[in-house]
$ cat data-v2.txt   # compact mmCIF, C-alpha atoms
# COMPACT_ATOMS: atom_id res chain seq x y z
CA MET A 1 -8.76 55.53 -74.16
CA VAL A 2 -6.15 58.28 -73.81
CA GLN A 3 -6.78 60.78 -71.02
CA LYS A 4 -7.22 64.31 -72.34
CA THR A 5 -5.07 67.09 -70.90
CA ILE A 6 -5.52 70.77 -70.13
CA PHE A 7 -2.98 73.39 -69.03
CA ILE A 8 -4.56 76.35 -67.22
CA THR A 9 -2.93 79.59 -66.13
CA GLY A 10 -4.56 81.70 -63.45
CA ALA A 11 -5.96 78.47 -62.00
CA ALA A 12 -5.95 79.36 -58.30
CA ARG A 13 -9.28 81.20 -58.31
CA GLY A 14 -12.21 82.38 -60.39
CA ILE A 15 -12.60 81.18 -63.97
CA GLY A 16 -9.32 79.26 -63.90
CA ARG A 17 -10.19 77.31 -60.78
CA ALA A 18 -13.72 76.58 -61.99
CA THR A 19 -12.27 75.35 -65.29
CA ALA A 20 -9.83 73.07 -63.47
CA VAL A 21 -12.62 71.55 -61.38
CA LEU A 22 -14.95 71.09 -64.37
CA PHE A 23 -12.37 69.42 -66.61
CA HIS A 24 -11.19 67.22 -63.74
CA GLN A 25 -14.80 66.10 -63.22
CA LYS A 26 -14.90 65.24 -66.93
CA GLY A 27 -11.89 62.94 -66.47
CA TRP A 28 -9.15 65.16 -67.86
CA PHE A 29 -5.61 65.46 -66.52
CA VAL A 30 -5.34 69.04 -65.26
CA GLY A 31 -2.26 71.24 -65.12
CA ALA A 32 -3.13 74.16 -62.84
CA TYR A 33 -0.68 77.06 -62.61
CA ASP A 34 -0.74 80.38 -60.81
CA LEU A 35 1.34 82.62 -58.55
CA ASP A 36 -0.76 81.71 -55.49
CA ALA A 37 0.85 78.53 -54.13
CA GLU A 38 -1.50 78.33 -51.15
CA LYS A 39 -4.67 78.33 -53.28
CA LEU A 40 -3.09 75.86 -55.71
CA ASP A 41 -2.36 73.52 -52.78
CA GLY A 42 -6.02 73.73 -51.81
CA LEU A 43 -7.10 72.89 -55.35
CA GLU A 44 -4.70 69.96 -55.51
CA LYS A 45 -5.97 68.61 -52.18
CA GLU A 46 -9.55 68.94 -53.38
CA LEU A 47 -9.01 67.15 -56.69
CA GLN A 48 -6.37 64.68 -55.40
CA THR A 49 -5.67 62.78 -58.63
CA SER A 50 -5.03 63.57 -62.28
CA ILE A 51 -3.70 67.02 -61.42
CA VAL A 52 -0.37 68.76 -61.30
CA THR A 53 -0.02 72.26 -59.90
CA GLY A 54 2.80 74.73 -59.92
CA VAL A 55 3.72 78.30 -59.28
CA LEU A 56 4.18 80.07 -62.61
CA ASP A 57 4.82 83.70 -63.46
CA VAL A 58 3.38 83.89 -66.97
CA THR A 59 5.58 86.91 -67.74
CA ASP A 60 8.71 84.78 -67.39
CA LYS A 61 9.15 83.14 -70.80
CA THR A 62 11.93 80.82 -69.65
CA ALA A 63 9.90 79.61 -66.66
CA PHE A 64 6.87 79.11 -68.90
CA ALA A 65 8.85 77.00 -71.37
CA THR A 66 10.38 74.93 -68.55
CA THR A 67 6.97 74.39 -66.95
CA MET A 68 5.39 73.38 -70.26
CA THR A 69 8.20 70.88 -70.92
CA ALA A 70 7.69 69.36 -67.46
CA PHE A 71 3.94 69.17 -68.08
CA GLY A 72 4.60 67.38 -71.37
CA LYS A 73 6.73 64.79 -69.59
CA GLN A 74 3.77 63.99 -67.35
CA THR A 75 1.29 63.77 -70.23
CA ASP A 76 3.29 61.83 -72.83
CA ASN A 77 3.69 65.17 -74.66
CA ARG A 78 -0.06 65.61 -75.03
CA LEU A 79 -1.86 68.93 -74.68
CA ASP A 80 -5.47 68.86 -75.78
CA LEU A 81 -6.35 72.30 -74.48
CA MET A 82 -4.16 75.27 -73.60
CA PHE A 83 -6.11 77.82 -71.56
CA ASN A 84 -4.32 81.14 -71.13
CA ASN A 85 -6.46 82.56 -68.37
CA ALA A 86 -4.08 84.47 -66.09
CA GLY A 87 -4.83 88.16 -66.08
CA ILE A 88 -5.04 91.26 -63.98
CA ALA A 89 -7.63 94.01 -64.14
CA ILE A 90 -6.39 97.27 -62.74
CA GLY A 91 -8.79 100.17 -63.15
CA GLY A 92 -8.24 103.88 -63.05
CA PHE A 93 -7.75 106.78 -65.38
CA LEU A 94 -4.58 106.27 -67.39
CA ASP A 95 -3.01 109.50 -66.15
CA GLU A 96 -3.62 108.44 -62.54
CA VAL A 97 -2.31 104.88 -62.74
CA PRO A 98 1.40 104.40 -62.01
CA PHE A 99 3.25 103.38 -65.16
CA ASP A 100 4.65 100.26 -63.45
CA THR A 101 1.05 99.11 -62.94
CA ILE A 102 0.24 99.77 -66.60
CA ALA A 103 3.32 97.80 -67.67
CA ALA A 104 2.43 94.92 -65.33
CA THR A 105 -1.06 94.73 -66.84
CA VAL A 106 0.37 94.56 -70.37
CA ASN A 107 3.00 92.02 -69.33
CA VAL A 108 0.54 89.65 -67.67
CA ASN A 109 -2.47 90.09 -69.95
CA LEU A 110 -0.68 90.17 -73.29
CA MET A 111 2.92 88.98 -72.96
CA GLY A 112 1.81 86.20 -70.60
CA VAL A 113 -0.55 84.91 -73.28
CA LEU A 114 2.11 85.15 -75.98
CA ASN A 115 4.52 83.26 -73.70
CA GLY A 116 1.87 80.60 -73.08
CA VAL A 117 0.96 80.13 -76.72
CA HIS A 118 4.58 79.98 -77.78
CA ALA A 119 5.48 77.45 -75.07
CA ALA A 120 2.45 75.29 -75.89
CA ILE A 121 2.90 75.09 -79.66
CA PRO A 122 5.08 71.95 -79.72
CA LEU A 123 2.62 70.00 -77.54
CA LEU A 124 -0.43 71.36 -79.35
CA LYS A 125 1.04 70.45 -82.74
CA GLY A 126 1.66 66.91 -81.51
CA THR A 127 -1.87 66.42 -80.19
CA GLU A 128 -4.66 65.75 -82.65
CA ASN A 129 -7.61 68.17 -82.46
CA SER A 130 -5.91 70.32 -79.81
CA LEU A 131 -7.12 73.83 -79.07
CA CYS A 132 -5.68 77.01 -77.60
CA PHE A 133 -7.99 79.37 -75.69
CA SER A 134 -7.16 82.72 -74.15
CA THR A 135 -9.41 84.75 -71.89
CA SER A 136 -10.48 88.05 -73.39
CA SER A 137 -13.27 90.25 -72.06
CA SER A 138 -16.28 92.29 -73.01
CA ALA A 139 -13.78 95.15 -72.58
CA ALA A 140 -12.54 94.03 -76.02
CA THR A 141 -15.89 95.04 -77.48
CA PHE A 142 -15.92 98.67 -76.39
CA GLY A 143 -13.65 100.90 -74.35
CA SER A 144 -14.70 102.13 -70.93
CA PRO A 145 -13.33 104.98 -68.83
CA GLY A 146 -10.83 103.79 -66.27
CA MET A 147 -10.11 100.58 -68.18
CA ALA A 148 -7.90 101.77 -71.05
CA THR A 149 -4.91 99.49 -70.46
CA TYR A 150 -7.04 96.47 -69.58
CA ALA A 151 -9.21 97.03 -72.68
CA ALA A 152 -6.14 97.41 -74.88
CA THR A 153 -4.75 94.07 -73.71
CA LYS A 154 -8.08 92.31 -74.18
CA TYR A 155 -8.49 93.79 -77.69
CA ALA A 156 -5.00 92.44 -78.39
CA ILE A 157 -5.97 88.96 -77.12
CA LYS A 158 -9.07 88.99 -79.30
CA GLY A 159 -7.03 89.91 -82.38
CA LEU A 160 -4.29 87.42 -81.52
CA SER A 161 -6.82 84.62 -81.06
CA GLU A 162 -8.52 85.36 -84.37
CA ALA A 163 -5.20 85.46 -86.24
CA LEU A 164 -3.88 82.30 -84.58
CA SER A 165 -7.10 80.46 -85.39
CA VAL A 166 -6.34 80.99 -89.06
CA GLU A 167 -2.59 80.43 -88.65
CA PHE A 168 -2.92 77.21 -86.64
CA ALA A 169 -5.40 75.70 -89.10
CA ARG A 170 -2.38 74.47 -91.04
CA PHE A 171 -1.68 72.08 -88.16
CA GLY A 172 -5.17 70.60 -88.24

$ encode --input "data-v2.txt" --output "structure tokens"
Amino acid sequence: MVQKTIFITGAARGIGRATAVLFHQKGWFVGAYDLDAEKLDGLEKELQTSIVTGVLDVTDKTAFATTMTAFGKQTDNRLDLMFNNAGIAIGGFLDEVPFDTIAATVNVNLMGVLNGVHAAIPLLKGTENSLCFSTSSSAATFGSPGMATYAATKYAIKGLSEALSVEFARFG
């Protein structure tokens, strides 16, 4: 039986870490990536086998592509599940949030997902019944004060995921 594989961004804590642990327990080979090298080291020590970790800035398209290629070399070019989970949630009224913070939120939450999907396509296409998941939020259901930029990125992820579901159907 071929070992299933998952690539997770934002894997050092929270949903990403819990996902890494769960899929590892189910026997999957886990690729866990984040900016927090120390927490990734802890995860790798905890799981010990069938895991690769690495520092990855999801906003760096070149780094994402390089990391995905390296992951593919370790998995015989298999990727059963791509999980774009990395994200940041900065709150505050739009007029009070520094623009650099707004741009960083868009870059991580939206461009990071686009970078991840794009980098994963070759491996996903080559793996039967593969899936691509991206974390959205209930903020994509209705806007809330102090969460405009975050909500906008999560609405975008929801729309992107729905469109890609239809688009990727052609790959099976």

$ residues_around --input "data-v2.txt" --residues "A:Thr19" --least-positions-apart "3" --cutoff "10 Å" --atoms "only C-alpha atoms" --output "list in words"
Ile6, Ile8, Ala11, Arg13, Gly14, Ile15, Gly16, Leu22, Phe23, His24, Gln25, Val30, Ala32, Phe83 and Asn85 of chain A

$ closest_residue --input "data-v2.txt" --among "A:Leu164, A:Val52, A:Val2, A:Leu110" --to "A:Asp76" --atoms "all atoms listed in the file"
A:Val2

$ atom_distance --input "data-v2.txt" --atom1 "atom CA of A:Glu128" --atom2 "atom CA of A:Gly87"
27.9 Å

$ closest_residue --input "data-v2.txt" --among "A:His118, A:Thr62, A:Met111, A:Leu81" --to "A:Ala20" --atoms "all atoms listed in the file"
A:Leu81

$ closest_residue --input "data-v2.txt" --among "A:Leu124, A:Ala148, A:Val21, A:Leu56" --to "A:Thr75" --atoms "only C-alpha atoms"
A:Leu124

$ closest_residue --input "data-v2.txt" --among "A:Asn84, A:Thr127, A:Thr9, A:Asn107" --to "A:Asp60" --atoms "all atoms listed in the file"
A:Asn107

$ atom_distance --input "data-v2.txt" --atom1 "atom CA of A:Asn129" --atom2 "atom CA of A:Thr69"
19.8 Å

$ atom_distance --input "data-v2.txt" --atom1 "atom CA of A:Ser50" --atom2 "atom CA of A:Gly31"
8.6 Å

$ residues_near_point --input "data-v2.txt" --point "(2.1, 85.6, -66.7)" --cutoff "10 Å" --atoms "all atoms listed in the file" --output "MDAnalysis selection string"
chainID A and resid 9:10 33:35 56:61 63:64 84:88 104:116

$ residues_around --input "data-v2.txt" --residues "A:Gly92" --least-positions-apart "6" --cutoff "9 Å" --atoms "all atoms listed in the file" --output "list in words"
Pro145, Gly146, Met147 and Ala148 of chain A

$ closest_residue --input "data-v2.txt" --among "A:Ala89, A:Leu123, A:Ala37, A:Leu47" --to "A:Gln74" --atoms "only C-alpha atoms"
A:Leu123

$ residues_near_point --input "data-v2.txt" --point "(-1.7, 105.7, -64.5)" --cutoff "12 Å" --atoms "only C-alpha atoms" --output "count of residues only"
21

$ closest_residue --input "data-v2.txt" --among "A:Thr141, A:Thr67, A:Gln3, A:Ser134" --to "A:Val55" --atoms "only C-alpha atoms"
A:Thr67

$ axis_aligned_box --input "data-v2.txt" --around "stretch 21-31 of chain A" --padding-each-side "8 Å" --output "AutoDock Vina command-line options"
--center_x -8.6 --center_y 67.2 --center_z -64.6 --size_x 28.7 --size_y 24.6 --size_z 22.5

$ residues_around --input "data-v2.txt" --residues "A:Lys125" --least-positions-apart "6" --cutoff "9 Å" --atoms "all atoms listed in the file" --output "ChimeraX atom specification"
/A:79,168,171-172

$ build_atoms --input "data-v2.txt" --residues "stretch 55-76 of chain A" --atoms "N, CA, C and O atoms" --output "PDB file, keeping the file's coordinate frame"
ATOM      1  N   VAL A  55       3.632  76.846 -59.265  1.00  0.00           N
ATOM      2  CA  VAL A  55       3.720  78.300 -59.280  1.00  0.00           C
ATOM      3  C   VAL A  55       4.353  78.704 -60.606  1.00  0.00           C
ATOM      4  O   VAL A  55       5.393  78.171 -60.995  1.00  0.00           O
ATOM      5  N   LEU A  56       3.701  79.627 -61.307  1.00  0.00           N
ATOM      6  CA  LEU A  56       4.180  80.070 -62.610  1.00  0.00           C
ATOM      7  C   LEU A  56       3.902  81.558 -62.774  1.00  0.00           C
ATOM      8  O   LEU A  56       2.756  81.997 -62.643  1.00  0.00           O
ATOM      9  N   ASP A  57       4.939  82.304 -63.073  1.00  0.00           N
ATOM     10  CA  ASP A  57       4.820  83.700 -63.460  1.00  0.00           C
ATOM     11  C   ASP A  57       4.751  83.710 -64.982  1.00  0.00           C
ATOM     12  O   ASP A  57       5.755  83.443 -65.663  1.00  0.00           O
ATOM     13  N   VAL A  58       3.576  83.983 -65.521  1.00  0.00           N
ATOM     14  CA  VAL A  58       3.380  83.890 -66.970  1.00  0.00           C
ATOM     15  C   VAL A  58       4.215  84.907 -67.745  1.00  0.00           C
ATOM     16  O   VAL A  58       4.401  84.761 -68.961  1.00  0.00           O
ATOM     17  N   THR A  59       4.748  85.915 -67.059  1.00  0.00           N
ATOM     18  CA  THR A  59       5.580  86.910 -67.740  1.00  0.00           C
ATOM     19  C   THR A  59       7.019  86.444 -67.915  1.00  0.00           C
ATOM     20  O   THR A  59       7.793  87.088 -68.610  1.00  0.00           O
ATOM     21  N   ASP A  60       7.356  85.324 -67.311  1.00  0.00           N
ATOM     22  CA  ASP A  60       8.710  84.780 -67.390  1.00  0.00           C
ATOM     23  C   ASP A  60       8.739  83.696 -68.475  1.00  0.00           C
ATOM     24  O   ASP A  60       8.362  82.550 -68.234  1.00  0.00           O
ATOM     25  N   LYS A  61       9.182  84.068 -69.660  1.00  0.00           N
ATOM     26  CA  LYS A  61       9.150  83.140 -70.800  1.00  0.00           C
ATOM     27  C   LYS A  61       9.939  81.864 -70.544  1.00  0.00           C
ATOM     28  O   LYS A  61       9.485  80.774 -70.885  1.00  0.00           O
ATOM     29  N   THR A  62      11.104  81.996 -69.935  1.00  0.00           N
ATOM     30  CA  THR A  62      11.930  80.820 -69.650  1.00  0.00           C
ATOM     31  C   THR A  62      11.221  79.880 -68.685  1.00  0.00           C
ATOM     32  O   THR A  62      11.187  78.664 -68.901  1.00  0.00           O
ATOM     33  N   ALA A  63      10.643  80.435 -67.635  1.00  0.00           N
ATOM     34  CA  ALA A  63       9.900  79.610 -66.660  1.00  0.00           C
ATOM     35  C   ALA A  63       8.703  78.947 -67.328  1.00  0.00           C
ATOM     36  O   ALA A  63       8.390  77.782 -67.046  1.00  0.00           O
ATOM     37  N   PHE A  64       8.032  79.672 -68.217  1.00  0.00           N
ATOM     38  CA  PHE A  64       6.870  79.110 -68.900  1.00  0.00           C
ATOM     39  C   PHE A  64       7.301  77.920 -69.758  1.00  0.00           C
ATOM     40  O   PHE A  64       6.675  76.854 -69.738  1.00  0.00           O
ATOM     41  N   ALA A  65       8.368  78.086 -70.506  1.00  0.00           N
ATOM     42  CA  ALA A  65       8.850  77.000 -71.370  1.00  0.00           C
ATOM     43  C   ALA A  65       9.264  75.786 -70.541  1.00  0.00           C
ATOM     44  O   ALA A  65       8.937  74.640 -70.895  1.00  0.00           O
ATOM     45  N   THR A  66       9.953  76.028 -69.435  1.00  0.00           N
ATOM     46  CA  THR A  66      10.380  74.930 -68.550  1.00  0.00           C
ATOM     47  C   THR A  66       9.171  74.207 -67.968  1.00  0.00           C
ATOM     48  O   THR A  66       9.133  72.971 -67.924  1.00  0.00           O
ATOM     49  N   THR A  67       8.182  74.972 -67.525  1.00  0.00           N
ATOM     50  CA  THR A  67       6.970  74.390 -66.950  1.00  0.00           C
ATOM     51  C   THR A  67       6.202  73.574 -67.983  1.00  0.00           C
ATOM     52  O   THR A  67       5.718  72.478 -67.688  1.00  0.00           O
ATOM     53  N   MET A  68       6.110  74.093 -69.210  1.00  0.00           N
ATOM     54  CA  MET A  68       5.390  73.380 -70.260  1.00  0.00           C
ATOM     55  C   MET A  68       6.115  72.074 -70.613  1.00  0.00           C
ATOM     56  O   MET A  68       5.474  71.037 -70.829  1.00  0.00           O
ATOM     57  N   THR A  69       7.429  72.096 -70.642  1.00  0.00           N
ATOM     58  CA  THR A  69       8.200  70.880 -70.920  1.00  0.00           C
ATOM     59  C   THR A  69       7.957  69.844 -69.829  1.00  0.00           C
ATOM     60  O   THR A  69       7.748  68.656 -70.124  1.00  0.00           O
ATOM     61  N   ALA A  70       7.954  70.273 -68.573  1.00  0.00           N
ATOM     62  CA  ALA A  70       7.690  69.360 -67.460  1.00  0.00           C
ATOM     63  C   ALA A  70       6.276  68.792 -67.539  1.00  0.00           C
ATOM     64  O   ALA A  70       6.058  67.598 -67.291  1.00  0.00           O
ATOM     65  N   PHE A  71       5.317  69.632 -67.913  1.00  0.00           N
ATOM     66  CA  PHE A  71       3.940  69.170 -68.080  1.00  0.00           C
ATOM     67  C   PHE A  71       3.890  68.101 -69.172  1.00  0.00           C
ATOM     68  O   PHE A  71       3.265  67.055 -69.007  1.00  0.00           O
ATOM     69  N   GLY A  72       4.572  68.351 -70.277  1.00  0.00           N
ATOM     70  CA  GLY A  72       4.600  67.380 -71.370  1.00  0.00           C
ATOM     71  C   GLY A  72       5.173  66.040 -70.958  1.00  0.00           C
ATOM     72  O   GLY A  72       4.706  64.990 -71.401  1.00  0.00           O
ATOM     73  N   LYS A  73       6.161  66.050 -70.078  1.00  0.00           N
ATOM     74  CA  LYS A  73       6.730  64.790 -69.590  1.00  0.00           C
ATOM     75  C   LYS A  73       5.718  63.993 -68.788  1.00  0.00           C
ATOM     76  O   LYS A  73       5.772  62.764 -68.751  1.00  0.00           O
ATOM     77  N   GLN A  74       4.793  64.682 -68.146  1.00  0.00           N
ATOM     78  CA  GLN A  74       3.770  63.990 -67.350  1.00  0.00           C
ATOM     79  C   GLN A  74       2.579  63.539 -68.188  1.00  0.00           C
ATOM     80  O   GLN A  74       1.758  62.758 -67.716  1.00  0.00           O
ATOM     81  N   THR A  75       2.470  64.054 -69.411  1.00  0.00           N
ATOM     82  CA  THR A  75       1.290  63.770 -70.230  1.00  0.00           C
ATOM     83  C   THR A  75       1.640  63.052 -71.537  1.00  0.00           C
ATOM     84  O   THR A  75       0.830  63.046 -72.467  1.00  0.00           O
ATOM     85  N   ASP A  76       2.832  62.473 -71.604  1.00  0.00           N
ATOM     86  CA  ASP A  76       3.290  61.830 -72.830  1.00  0.00           C
ATOM     87  C   ASP A  76       3.260  62.832 -73.997  1.00  0.00           C
ATOM     88  O   ASP A  76       2.874  62.503 -75.112  1.00  0.00           O
TER      89      ASP A  76
END
